[in-house]
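Reviewing the structure listed below.
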Amino acid sequence: MSPAVRTAVDLGRGLVLRNPLLTASGTFGYGLEFEPFLDLARLGGIVVKGISPKERSGNAPARIIETPSGMLNAIGLQNIGVMRFVQEKLPALRERDTALIVNVFGNSIDDYVTVVEQLEAEEGIAALELNLSCPNVEEGGLEIGRSPRSIEQVTHAVRQRTRRALWVKLTPNVSDISETARAAVSGGADAVSLVNTYVGMVIDVERRRPVLSHGHGGLSGPAIRPLAIAAVYQVCQAVDVPVIGIGGIVAARDVVEFMMAGARAVQVGTANYNDPAIAAKLVDGLVEWCAAHEVADVNQLVGAAQQ
Amino acid sequence: MSPAVRTAVDLGRGLVLRNPLLTASGTFGYGLEFEPFLDLARLGGIVVKGISPKERSGNAPARIIETPSGMLNAIGLQNIGVMRFVQEKLPALRERDTALIVNVFGNSIDDYVTVVEQLEAEEGIAALELNLSCPNVEEGGLEIGRSPRSIEQVTHAVRQRTRRALWVKLTPNVSDISETARAAVSGGADAVSLVNTYVGMVIDVERRRPVLSHGHGGLSGPAIRPLAIAAVYQVCQAVDVPVIGIGGIVAARDVVEFMMAGARAVQVGTANYNDPAIAAKLVDGLVEWCAAHEVADVNQLVGAAQQ
Amino acid sequence: MTENRDCTVAGQRELGEDYFLLQVAWPELANQVCAGQFVMLGLPDIGEMLIRRPFSVARTVASEPGRAPCSFEILYKVYGRATRAFSRLRAGAVVSVLGPLGRGFWLPDESEHDRTEIVLVAGGIGNAPFPLLLQQLGPRAQHVSLFFGGRSREDLTLLSWFRERCQVITTTEDGSEGRRALVTEPLAEKLDDDPNRRRVVLACGPQPMLKAVAEICLAREVLCQLALEETIACGFGVCLGCVVEQRHPASEFERYVRVCTEGPVFDAREVIL
Amino acid sequence: MTENRDCTVAGQRELGEDYFLLQVAWPELANQVCAGQFVMLGLPDIGEMLIRRPFSVARTVASEPGRAPCSFEILYKVYGRATRAFSRLRAGAVVSVLGPLGRGFWLPDESEHDRTEIVLVAGGIGNAPFPLLLQQLGPRAQHVSLFFGGRSREDLTLLSWFRERCQVITTTEDGSEGRRALVTEPLAEKLDDDPNRRRVVLACGPQPMLKAVAEICLAREVLCQLALEETIACGFGVCLGCVVEQRHPASEFERYVRVCTEGPVFDAREVIL
Ligand SMILES: Cc1cc2nc3c(=O)[nH]c(=O)nc-3n(C[C@H](O)[C@H](O)[C@H](O)COP(=O)(O)OP(=O)(O)OC[C@H]3O[C@@H](n4cnc5c(N)ncnc54)[C@H](O)[C@@H]3O)c2cc1C
Ligand SMILES: Cc1cc2nc3c(=O)[nH]c(=O)nc-3n(C[C@H](O)[C@H](O)[C@H](O)COP(=O)(O)OP(=O)(O)OC[C@H]3O[C@@H](n4cnc5c(N)ncnc54)[C@H](O)[C@@H]3O)c2cc1C
Ligand SMILES: Cc1cc2nc3c(=O)[nH]c(=O)nc-3n(C[C@H](O)[C@H](O)[C@H](O)COP(=O)(O)O)c2cc1C
Ligand SMILES: Cc1cc2nc3c(=O)[nH]c(=O)nc-3n(C[C@H](O)[C@H](O)[C@H](O)COP(=O)(O)O)c2cc1C
Ligand code: FES
Ligand code: FES
């Protein structure tokens, strides 16, 4: 490891992360569960499980199934709700020396506003990430995230109520992700994160029905990485705010690939299950890659593959 | 193999295939190249490489790259053009005892009409498949296949000029594939085939640029199978015409999965490269599966997993 | 303490067709794991296996009798991609292991043991967690009964090992070993035989067997613990993928519990199968 | 005739770090393959390897001297996922093979042989197609010169085998074997030495080496054949993924030619590198 490589990245609105490695919402619990495996202070930041106004019990099982180089899930956004999050998780989390990003979701503009208002007075939150894109819950993020107009409305409504850095997480299940990215920016987003999962389904041919009780689910993992890279590459040409790349990262090479496509930071998701210390290992791997390639500052990677 | 399993499937407009196994356009050449490896008469039919009004030399290399459980390509629709196809390939193809489906593409309505008109007088073509969806060629299929209005227009224009069975092949790179499927049907399609490839990109981190000379390409293979299954499942609920399922088929189990999702027939693509005899093996595998599960007619599988 | 480690394969033995016994070197885990707990097993290259697989710890192994164990064993059946890949591992190979995980069987403490009979029920590869249980019971194991059923004789792996340590009642569906019956048949007879005996039934096996065992026990008010299976992605409680439904949730929010964390062993009264 | 087969691995030998020699049983192929032709090699389970990989046939092997060959060998270097998986194969394993494929080197016929000197140029693993070439030349091989370069001595696999059969001139970048130089240095000297000698240069190796060899030969009007590499998906001409650009296409449509079918060996004058 070369201490000479500068790793800090600026995500706008004054938020500078120690390094570009974040953990993706829903794949890192509330962060504290990973402390036996890694030092949270090694990471650029953590994005916690999506929070809704009220607690939710999620979908009936089965909720997950492996696919070729991927994983399909329909957890149904099970979470403890904003109140318990503030009471039970936040006090410990804000003691940790890492940027805390709270992922927020809802079924309506009101839901988003409710959560954000309840969080606004709390210390120790570096940014909010709006999940407008979850394909799992009926009448949920799905519709909002596919409509540029709705994206702009929700983003704008939240923007009015927070002084914090505001990220909008985009669904890839759209005809033109540049358009939805622009809608988020014009609504006031400081950064966009992409991608969320792709709508998929696996059928149990013996039982003649979808494996997941919910029917369809969201596909993540290395299978979607080429799709996510294309989305990041394209969005970077469409908007001027920082882009956070997500999708199928399992190795330092993948982090470099996302950054060269234009991402200022990345989030690692499904891979956390395979190796709960992977996010910290990727920080080391990124620094080593840069040192070996005589890259003095990770920001030099950002967009390097853009023509 | 049980001869007791009935395999014939009806794809509309009087076109009955011997069995539901087709080969996907662009992955099976002009069919004849596979004769050293399998008997074309074993298949339900073959879909030949996309034909345009004029011959095309395609994109500069590199044109392909492997991805996790998938393959990214940007061939650029290299083909010999409709005239040479009719002169050089069709005479031999029409002698073969299998349904011949000609895949057609163009950059404009005129292009499609030109090809279809030149084919109309020829004997031995069972159906036309319109590729409105190739993500590889600038100003190409891309735009047409993402706009329901354009889909309907092209389909309608071609419908006026052919008495043949007309299939429309849908791109999955849209917000709502049910909507584009309905557009194809209202334009006069007898069946819809889905999915074409997903827009993806791989970056060569050593050379700091996309691996493919074209930049982005189309993702195929098992990585996309869960996405294709979800698309087929959804489209089957939106339209009444037969649906032809495509995406990541490598085993008989996958054929059954697509049929249970609602597909009346399937196309096998990338897997032809790995095993040039796979399409025939899948016919056997499907029949064996049905025999082992006491399914007397493959049509009983169609939509079995639909609620 | 749960840890994530790359471990060396100490050896692998084939137990008849499709069954394998894999020995993994990890002394600390072998010394603290309880019967019914599991590990996540993967290959060190994440590109070869994105999602690891859960396996019960079957047994622990010491280098010499009387010494503390230095490795643990996994007893498994080849089903699909992952188990096929594991079956090719040889001594010296490296696997990635997360463990110990979950809540194992809870046993009557020694003072109560004379008064409580332990009855094990295993269906096929469901015998996997029981060797460790018998090891941990030591000499008390001889009073334990194991009802062990399978399709055929080949499914009853480690049978002679079990016979040396406890009372074994076998059944097979094809009659190739023991009674030709489902394992629940002799189990029900046993429970009816001496209905007032204080007992605890510990069961592991396919879902339909567990369901039948639970019904038999609940009907007779016999305590019953079930080792459940659900698809496991993380194994340590964060993905929320592995839930089962609770019978009497305290609130709507607590409707589901995680097999990997609250289980895999549950009281049969707690869960809806 | 090109065929697709599941074949048995007859054996595998490690040739120093990262280099392997894999022997595959397929008598018919071994008897008809020409130097420079290749096969697609995969695992029988498509789930483990979607896209097979191209490898030159390096050598053929007979069960006894004087007999017809019964198997062929592949000489390869471990780069990534596929080659790592192949390196684990042992005798008895099954691989899926498609071949023989492509157009190999074309040689001056026997009558012309006395007048035409054959010069081989290999960079690193680019030596792979040349053992077969020497086998096919038989006693004529002793007049052949092989310019064989690598980073270091370890890259010059099968060196003593080559030395027994032809004239070998070695270079390494680190000087651990032969001259410390790029292989193109002694090659250029050789060509300049006796400029009127009729020669044909056959080259295989990394792209920059091929480019340099082509320039050296074209500048001196020496015939030169290059074994090219491009990503190969099908290997038999249908995916159109493996093209290179032609120098003088007959029409815009013929701008690209397929490495797997029109190549992998091309006349240096035909292609743009
Ligand atoms: C707590 C627990 C303990 C287990 N202990 C043992 C044991 O000791 N010995 C043994 O042989 N088996 C055990 N299993 C089952 C074992 O995990 C599966 O057989 C294995 O995952 C199959 O993987 P595969 O790739 O070979 O099969 P696949 O082809 O992936 O699937 C075959 C079947 O295995 C099951 N399965 C697949 N992936 C998972 C997963 N991530 N989690 C759970 N189930 C899955 C599914 O039912 C699937 O239909 C246990 C399962 C659980 C939940
Ligand atoms: C006609 C031909 C003959 C060859 N003969 C030999 C030989 O005799 N011995 C030998 O060691 N190598 C040979 N190669 C190269 C060999 O195919 C690659 O080293 C191998 O594919 C690497 O696979 P991998 O999964 O280990 O590496 P990967 O991790 O997939 O990639 C490493 C590099 O290998 C190359 N590569 C990957 N996939 C392919 C593919 N499908 N087709 C072509 N190149 C690919 C790419 O340059 C890539 O950057 C030959 C290539 C060609 C085109
Ligand atoms: C089990 C699971 C749960 C998830 N839950 C959430 C969530 O609550 N909110 C959210 O924005 N994204 C959620 N995601 C999406 C991930 O944050 C990420 O966008 C996606 O998994 C792609 O990244 P990956 O391929 O690295 O996993 C979830 C993903 C998984 C696999
Ligand atoms: C190399 C390549 C070329 C293709 N060319 C065409 C084409 O010309 N026309 C078309 O409609 N689809 C084309 N396709 C898409 C396939 O027909 C198919 O829709 C896609 O590959 C998904 O199926 P698969 O996962 O089984 O490969 C091509 C795919 C590949 C991999
Ligand atoms: S497997 Fe992830 S919570 Fe249980
Ligand atoms: S590799 Fe498919 S055409 Fe050459």
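To be explicit about the labels: the chains of the structure tokens are called A, B, and onward in the order shown, and within each one the residues are counted from 1, while ligands get numbers from 1 in the order they are shown.
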Exercise: stretch 93-95 of chain A partners within 12 Å, only C-alpha atoms, chain neighbours under 5 positions left out, as a list in words: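 Residues meeting the cut-off are Gly29, Tyr30, Gly31, Leu32, Glu33, Phe34, Glu35, Leu40, Ala41, Gly45, Ile46, Val47, Val48, Phe85, Val86, Gln87, Glu88, Leu100, Ile101, Val102, Glu122, Glu123, Gly124, Ile125 and Ala126 of chain A.
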Generate a file of the selected residues that holds N, CA and C atoms, formatted as an mmCIF file, in the first residue's frame.
```
data_model
loop_
_atom_site.group_PDB
_atom_site.id
_atom_site.type_symbol
_atom_site.label_atom_id
_atom_site.label_comp_id
_atom_site.auth_asym_id
_atom_site.auth_seq_id
_atom_site.Cartn_x
_atom_site.Cartn_y
_atom_site.Cartn_z
ATOM 1 N N GLY A 29 -26.818 -3.867 6.057
ATOM 2 C CA GLY A 29 -27.597 -3.729 7.280
ATOM 3 C C GLY A 29 -27.601 -2.288 7.734
ATOM 4 N N TYR A 30 -27.468 -2.090 9.064
ATOM 5 C CA TYR A 30 -27.306 -0.741 9.593
ATOM 6 C C TYR A 30 -25.833 -0.479 9.885
ATOM 7 N N GLY A 31 -24.962 -1.262 9.237
ATOM 8 C CA GLY A 31 -23.523 -0.996 9.333
ATOM 9 C C GLY A 31 -22.876 -1.674 10.523
ATOM 10 N N LEU A 32 -23.509 -1.573 11.686
ATOM 11 C CA LEU A 32 -22.899 -2.075 12.919
ATOM 12 C C LEU A 32 -22.683 -3.585 12.869
ATOM 13 N N GLU A 33 -23.529 -4.294 12.134
ATOM 14 C CA GLU A 33 -23.402 -5.750 12.028
ATOM 15 C C GLU A 33 -22.081 -6.155 11.389
ATOM 16 N N PHE A 34 -21.444 -5.204 10.700
ATOM 17 C CA PHE A 34 -20.201 -5.551 9.990
ATOM 18 C C PHE A 34 -18.952 -5.264 10.819
ATOM 19 N N GLU A 35 -19.158 -4.704 12.004
ATOM 20 C CA GLU A 35 -17.981 -4.337 12.803
ATOM 21 C C GLU A 35 -17.107 -5.516 13.218
ATOM 22 N N LEU A 40 -15.151 0.288 10.255
ATOM 23 C CA LEU A 40 -15.961 1.182 9.420
ATOM 24 C C LEU A 40 -15.196 2.447 9.039
ATOM 25 N N ALA A 41 -14.232 2.820 9.867
ATOM 26 C CA ALA A 41 -13.464 4.040 9.598
ATOM 27 C C ALA A 41 -12.546 3.896 8.386
ATOM 28 N N GLY A 45 -17.626 5.685 3.332
ATOM 29 C CA GLY A 45 -18.898 5.887 4.005
ATOM 30 C C GLY A 45 -19.763 4.655 3.897
ATOM 31 N N ILE A 46 -20.879 4.681 4.624
ATOM 32 C CA ILE A 46 -21.803 3.558 4.531
ATOM 33 C C ILE A 46 -23.205 4.093 4.259
ATOM 34 N N VAL A 47 -23.920 3.361 3.408
ATOM 35 C CA VAL A 47 -25.317 3.709 3.139
ATOM 36 C C VAL A 47 -26.161 2.647 3.836
ATOM 37 N N VAL A 48 -26.986 3.073 4.761
ATOM 38 C CA VAL A 48 -27.740 2.078 5.541
ATOM 39 C C VAL A 48 -28.997 1.623 4.799
ATOM 40 N N PHE A 85 -35.053 3.804 13.953
ATOM 41 C CA PHE A 85 -33.704 4.034 13.427
ATOM 42 C C PHE A 85 -33.014 5.137 14.225
ATOM 43 N N VAL A 86 -33.746 6.224 14.440
ATOM 44 C CA VAL A 86 -33.175 7.358 15.167
ATOM 45 C C VAL A 86 -32.853 6.965 16.612
ATOM 46 N N GLN A 87 -33.738 6.193 17.202
ATOM 47 C CA GLN A 87 -33.535 5.825 18.609
ATOM 48 C C GLN A 87 -32.502 4.722 18.794
ATOM 49 N N GLU A 88 -32.564 3.704 17.949
ATOM 50 C CA GLU A 88 -31.786 2.498 18.231
ATOM 51 C C GLU A 88 -30.456 2.432 17.481
ATOM 52 N N LEU A 100 -22.000 8.745 7.182
ATOM 53 C CA LEU A 100 -23.226 7.962 7.243
ATOM 54 C C LEU A 100 -24.228 8.521 6.243
ATOM 55 N N ILE A 101 -24.661 7.676 5.321
ATOM 56 C CA ILE A 101 -25.668 8.095 4.352
ATOM 57 C C ILE A 101 -26.939 7.300 4.636
ATOM 58 N N VAL A 102 -28.039 8.001 4.784
ATOM 59 C CA VAL A 102 -29.301 7.322 5.077
ATOM 60 C C VAL A 102 -30.114 7.217 3.796
ATOM 61 N N GLU A 122 -31.343 15.586 13.397
ATOM 62 C CA GLU A 122 -30.362 14.652 13.968
ATOM 63 C C GLU A 122 -28.954 14.958 13.481
ATOM 64 N N GLU A 123 -28.030 14.819 14.386
ATOM 65 C CA GLU A 123 -26.614 14.968 14.042
ATOM 66 C C GLU A 123 -26.080 13.690 13.394
ATOM 67 N N GLY A 124 -24.989 13.844 12.685
ATOM 68 C CA GLY A 124 -24.214 12.670 12.280
ATOM 69 C C GLY A 124 -24.656 11.999 10.999
ATOM 70 N N ILE A 125 -25.469 12.699 10.222
ATOM 71 C CA ILE A 125 -25.851 12.138 8.921
ATOM 72 C C ILE A 125 -25.178 12.986 7.837
ATOM 73 N N ALA A 126 -24.398 12.332 6.985
ATOM 74 C CA ALA A 126 -23.630 13.077 5.991
ATOM 75 C C ALA A 126 -24.450 13.386 4.753
#
```
Up to 10 Å from chain D, what residues of chain C turn up? Count only C-alpha atoms and give them as a CSV table (one decimal) with N, CA, C and O atoms, in the first residue's frame.
```csv
chain,number,residue,atom,x,y,z
C,47,GLY,N,-15.5,-14.7,-8.0
C,47,GLY,CA,-16.0,-14.8,-9.4
C,47,GLY,C,-16.5,-16.2,-9.7
C,47,GLY,O,-17.3,-16.5,-10.6
C,48,GLU,N,-16.0,-17.2,-8.9
C,48,GLU,CA,-16.4,-18.6,-9.1
C,48,GLU,C,-17.7,-18.9,-8.3
C,48,GLU,O,-18.4,-19.9,-8.6
C,81,ARG,N,-24.6,-26.7,-8.5
C,81,ARG,CA,-23.3,-26.1,-8.8
C,81,ARG,C,-22.3,-26.1,-7.7
C,81,ARG,O,-21.2,-26.5,-7.9
```
Do me a favour and pick out the residues of chain B within 9 Å of chain A, using only C-alpha atoms, as a PyMOL selection string. chain B and resi 67-70+72+146+172-176+198-210+215-217+219+222-231+233+253-254+256-258+260-261+293+301+304-307
Find the spatial neighbours of stretch 183-196 of chain D, counting only C-alpha atoms, within a cut-off of 10 Å - ignore same-chain residues fewer than 5 positions away - and output them as a list in words.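 The residues satisfying every condition are Val119, Leu120, Val121, Ala122, Gly123, Ser145, Leu146, Phe147, Phe148, Gly149, Gly150, Ile169, Thr170, Thr171, Thr172, Glu173, Val201, Met209, Leu210, Ala212, Val213, Ile216, Cys217, Arg220, Glu221 and Val222 of chain D.
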Restrict the selected residues to N, CA and C atoms and save them as a PDB file, in the first residue's frame.
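Final file, selection-v5.pdb:
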```pdb
ATOM      1  N   VAL D 119      11.974 -19.422 -41.708  1.00  0.00           N
ATOM      2  CA  VAL D 119      12.406 -18.720 -40.492  1.00  0.00           C
ATOM      3  C   VAL D 119      11.195 -18.546 -39.579  1.00  0.00           C
ATOM      4  N   LEU D 120      11.298 -19.076 -38.370  1.00  0.00           N
ATOM      5  CA  LEU D 120      10.190 -18.940 -37.417  1.00  0.00           C
ATOM      6  C   LEU D 120      10.535 -17.860 -36.408  1.00  0.00           C
ATOM      7  N   VAL D 121       9.504 -17.091 -36.018  1.00  0.00           N
ATOM      8  CA  VAL D 121       9.703 -16.088 -34.973  1.00  0.00           C
ATOM      9  C   VAL D 121       8.621 -16.287 -33.924  1.00  0.00           C
ATOM     10  N   ALA D 122       9.036 -16.501 -32.683  1.00  0.00           N
ATOM     11  CA  ALA D 122       8.076 -16.740 -31.601  1.00  0.00           C
ATOM     12  C   ALA D 122       8.354 -15.782 -30.456  1.00  0.00           C
ATOM     13  N   GLY D 123       7.287 -15.162 -29.957  1.00  0.00           N
ATOM     14  CA  GLY D 123       7.406 -14.330 -28.764  1.00  0.00           C
ATOM     15  C   GLY D 123       6.634 -15.007 -27.650  1.00  0.00           C
ATOM     16  N   SER D 145      15.261 -22.063 -38.947  1.00  0.00           N
ATOM     17  CA  SER D 145      15.745 -21.295 -37.788  1.00  0.00           C
ATOM     18  C   SER D 145      14.543 -20.784 -36.996  1.00  0.00           C
ATOM     19  N   LEU D 146      14.663 -20.867 -35.711  1.00  0.00           N
ATOM     20  CA  LEU D 146      13.620 -20.339 -34.822  1.00  0.00           C
ATOM     21  C   LEU D 146      14.203 -19.197 -33.998  1.00  0.00           C
ATOM     22  N   PHE D 147      13.662 -18.011 -34.179  1.00  0.00           N
ATOM     23  CA  PHE D 147      14.015 -16.869 -33.326  1.00  0.00           C
ATOM     24  C   PHE D 147      12.996 -16.838 -32.199  1.00  0.00           C
ATOM     25  N   PHE D 148      13.484 -17.017 -30.988  1.00  0.00           N
ATOM     26  CA  PHE D 148      12.575 -17.279 -29.880  1.00  0.00           C
ATOM     27  C   PHE D 148      12.894 -16.286 -28.762  1.00  0.00           C
ATOM     28  N   GLY D 149      11.956 -15.362 -28.530  1.00  0.00           N
ATOM     29  CA  GLY D 149      12.197 -14.335 -27.522  1.00  0.00           C
ATOM     30  C   GLY D 149      11.173 -14.370 -26.400  1.00  0.00           C
ATOM     31  N   GLY D 150      11.582 -13.865 -25.243  1.00  0.00           N
ATOM     32  CA  GLY D 150      10.664 -13.789 -24.110  1.00  0.00           C
ATOM     33  C   GLY D 150      11.140 -12.740 -23.146  1.00  0.00           C
ATOM     34  N   ILE D 169      17.679 -19.438 -32.029  1.00  0.00           N
ATOM     35  CA  ILE D 169      18.355 -18.214 -31.593  1.00  0.00           C
ATOM     36  C   ILE D 169      17.462 -17.602 -30.516  1.00  0.00           C
ATOM     37  N   THR D 170      17.957 -17.466 -29.295  1.00  0.00           N
ATOM     38  CA  THR D 170      17.115 -16.973 -28.204  1.00  0.00           C
ATOM     39  C   THR D 170      17.471 -15.548 -27.824  1.00  0.00           C
ATOM     40  N   THR D 171      16.438 -14.841 -27.357  1.00  0.00           N
ATOM     41  CA  THR D 171      16.649 -13.514 -26.766  1.00  0.00           C
ATOM     42  C   THR D 171      15.738 -13.416 -25.550  1.00  0.00           C
ATOM     43  N   THR D 172      16.169 -12.662 -24.547  1.00  0.00           N
ATOM     44  CA  THR D 172      15.278 -12.348 -23.420  1.00  0.00           C
ATOM     45  C   THR D 172      15.460 -10.890 -23.056  1.00  0.00           C
ATOM     46  N   GLU D 173      14.405 -10.328 -22.470  1.00  0.00           N
ATOM     47  CA  GLU D 173      14.489  -8.911 -22.097  1.00  0.00           C
ATOM     48  C   GLU D 173      15.366  -8.731 -20.875  1.00  0.00           C
ATOM     49  N   VAL D 201       9.110 -16.008 -43.584  1.00  0.00           N
ATOM     50  CA  VAL D 201       9.108 -15.824 -42.131  1.00  0.00           C
ATOM     51  C   VAL D 201       7.712 -16.145 -41.599  1.00  0.00           C
ATOM     52  N   MET D 209       5.034  -7.363 -31.279  1.00  0.00           N
ATOM     53  CA  MET D 209       6.071  -8.137 -31.947  1.00  0.00           C
ATOM     54  C   MET D 209       5.678  -8.410 -33.394  1.00  0.00           C
ATOM     55  N   LEU D 210       4.441  -8.828 -33.596  1.00  0.00           N
ATOM     56  CA  LEU D 210       3.992  -9.135 -34.958  1.00  0.00           C
ATOM     57  C   LEU D 210       4.108  -7.908 -35.853  1.00  0.00           C
ATOM     58  N   ALA D 212       6.169  -5.411 -35.528  1.00  0.00           N
ATOM     59  CA  ALA D 212       7.582  -5.157 -35.819  1.00  0.00           C
ATOM     60  C   ALA D 212       8.104  -6.162 -36.843  1.00  0.00           C
ATOM     61  N   VAL D 213       7.753  -7.430 -36.684  1.00  0.00           N
ATOM     62  CA  VAL D 213       8.196  -8.455 -37.628  1.00  0.00           C
ATOM     63  C   VAL D 213       7.676  -8.129 -39.025  1.00  0.00           C
ATOM     64  N   ILE D 216       9.678  -5.274 -40.559  1.00  0.00           N
ATOM     65  CA  ILE D 216      11.011  -5.737 -40.945  1.00  0.00           C
ATOM     66  C   ILE D 216      10.943  -6.522 -42.257  1.00  0.00           C
ATOM     67  N   CYS D 217       9.982  -7.416 -42.362  1.00  0.00           N
ATOM     68  CA  CYS D 217       9.882  -8.267 -43.550  1.00  0.00           C
ATOM     69  C   CYS D 217       9.410  -7.471 -44.765  1.00  0.00           C
ATOM     70  N   ARG D 220      11.948  -5.423 -46.397  1.00  0.00           N
ATOM     71  CA  ARG D 220      12.968  -6.203 -47.117  1.00  0.00           C
ATOM     72  C   ARG D 220      12.362  -7.118 -48.177  1.00  0.00           C
ATOM     73  N   GLU D 221      11.081  -6.968 -48.386  1.00  0.00           N
ATOM     74  CA  GLU D 221      10.349  -7.805 -49.352  1.00  0.00           C
ATOM     75  C   GLU D 221      10.535  -9.292 -49.103  1.00  0.00           C
ATOM     76  N   VAL D 222      10.544  -9.626 -47.830  1.00  0.00           N
ATOM     77  CA  VAL D 222      10.588 -11.041 -47.447  1.00  0.00           C
ATOM     78  C   VAL D 222       9.153 -11.497 -47.184  1.00  0.00           C
TER      79      VAL D 222
END
```
Hey, could you make a per-residue contact list for chain C against ligand 1 with 8 Å as the cut-off, showing the nearest pair of atoms and its distance in Å to one decimal, counting only C-alpha atoms and all ligand atoms, sorted by chain and number, as a tab-separated table?
```
residue	atom	partner	partner_atom_place_in_ligand_line	distance
C:Tyr19	CA	ligand 1	11 (O)	7.8
C:Gly36	CA	ligand 1	1 (C)	7.9
C:Gln37	CA	ligand 1	1 (C)	7.3
C:Phe38	CA	ligand 1	1 (C)	5.7
C:Val39	CA	ligand 1	3 (C)	7.8
C:Ile51	CA	ligand 1	41 (N)	6.2
C:Arg52	CA	ligand 1	41 (N)	6.1
C:Arg53	CA	ligand 1	21 (O)	4.6
C:Pro54	CA	ligand 1	17 (O)	4.3
C:Phe55	CA	ligand 1	5 (N)	3.4
C:Ser56	CA	ligand 1	8 (O)	3.8
C:Val57	CA	ligand 1	8 (O)	6.4
C:Ala58	CA	ligand 1	8 (O)	6.5
C:Ile74	CA	ligand 1	8 (O)	6.0
C:Leu75	CA	ligand 1	9 (N)	5.2
C:Tyr76	CA	ligand 1	11 (O)	3.1
C:Lys77	CA	ligand 1	11 (O)	4.1
C:Val78	CA	ligand 1	26 (O)	5.6
C:Tyr79	CA	ligand 1	26 (O)	4.2
C:Gly80	CA	ligand 1	29 (O)	3.3
C:Arg81	CA	ligand 1	25 (O)	4.0
C:Ala82	CA	ligand 1	25 (O)	3.4
C:Thr83	CA	ligand 1	26 (O)	3.6
C:Arg84	CA	ligand 1	26 (O)	5.9
C:Ala85	CA	ligand 1	26 (O)	7.9
C:Gly102	CA	ligand 1	1 (C)	7.9
C:Ile125	CA	ligand 1	11 (O)	5.7
C:Gly126	CA	ligand 1	7 (C)	7.0
C:Asn127	CA	ligand 1	8 (O)	7.9
C:Ala128	CA	ligand 1	8 (O)	4.7
C:Pro129	CA	ligand 1	8 (O)	6.4
C:Ala227	CA	ligand 1	1 (C)	7.3
C:Leu228	CA	ligand 1	53 (C)	6.5
C:Glu229	CA	ligand 1	53 (C)	3.8
C:Glu230	CA	ligand 1	53 (C)	4.9
C:Thr231	CA	ligand 1	42 (N)	3.5
C:Ile232	CA	ligand 1	42 (N)	3.8
C:Ala233	CA	ligand 1	41 (N)	5.2
C:Val259	CA	ligand 1	1 (C)	7.2
C:Cys260	CA	ligand 1	1 (C)	6.5
C:Gly263	CA	ligand 1	1 (C)	7.9
C:Pro264	CA	ligand 1	1 (C)	5.4
```
Let me have all residues with an atom within 6 Å of ligand 4, counting only C-alpha atoms and all ligand atoms, laid out as JSON, numbers by chain. {"B": [24, 25, 26, 27, 49, 50, 73, 77, 131, 195, 196, 197, 220, 221, 246, 247, 248, 249, 268, 269, 270], "D": [239]}
Just the residues within 9 Å of B:Asp110, please, counting only C-alpha atoms, with nothing from its chain fewer than 4 positions along; format it as a ChimeraX atom specification. /B:106,114-115,154,157
Looking only at helix (DSSP H, G or I) from DSSP on the backbone, list the matching residues of stretch 164-233 of chain C as a list in words. Thr184, Glu185, Pro186, Leu187, Ala188, Glu189, Lys190, Leu191, Asp192, Asp193, Gln207, Pro208, Met209, Leu210, Lys211, Ala212, Val213, Ala214, Glu215, Ile216, Cys217, Leu218 and Ala219 of chain C
Residue hits in chain D, query chain B, radius 10 Å, only C-alpha atoms, as number ranges by chain: D: 1-5, 40-53, 96-98, 230-245, 251-257
DSSP-assigned strand (DSSP E) members of stretch 90-178 of chain C, reported as a list of chain:residue names: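 Here is the list: C:Val94, C:Val95, C:Ser96, C:Val97, C:Leu98, C:Gly99, C:Pro100, C:Leu101, C:Glu117, C:Ile118, C:Val119, C:Leu120, C:Val121, C:Ala122, C:Gly123, C:Ser145, C:Leu146, C:Phe147, C:Phe148, C:Gly149, C:Gly150, C:Gln167, C:Val168, C:Ile169, C:Thr170, C:Thr171, C:Thr172.
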Rank A:Leu38, A:Leu212, A:Ile278, A:Val185 by their smallest atom-to-atom distance to A:Ala238, using only C-alpha atoms, and report the top residue only.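 Nearest to A:Ala238: A:Val185.
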Selection near A:Asp284, 9 Å with only C-alpha atoms, sequence-local residues under 4 positions removed, as a PyMOL selection string: chain A and resi 1+252+280+288-289
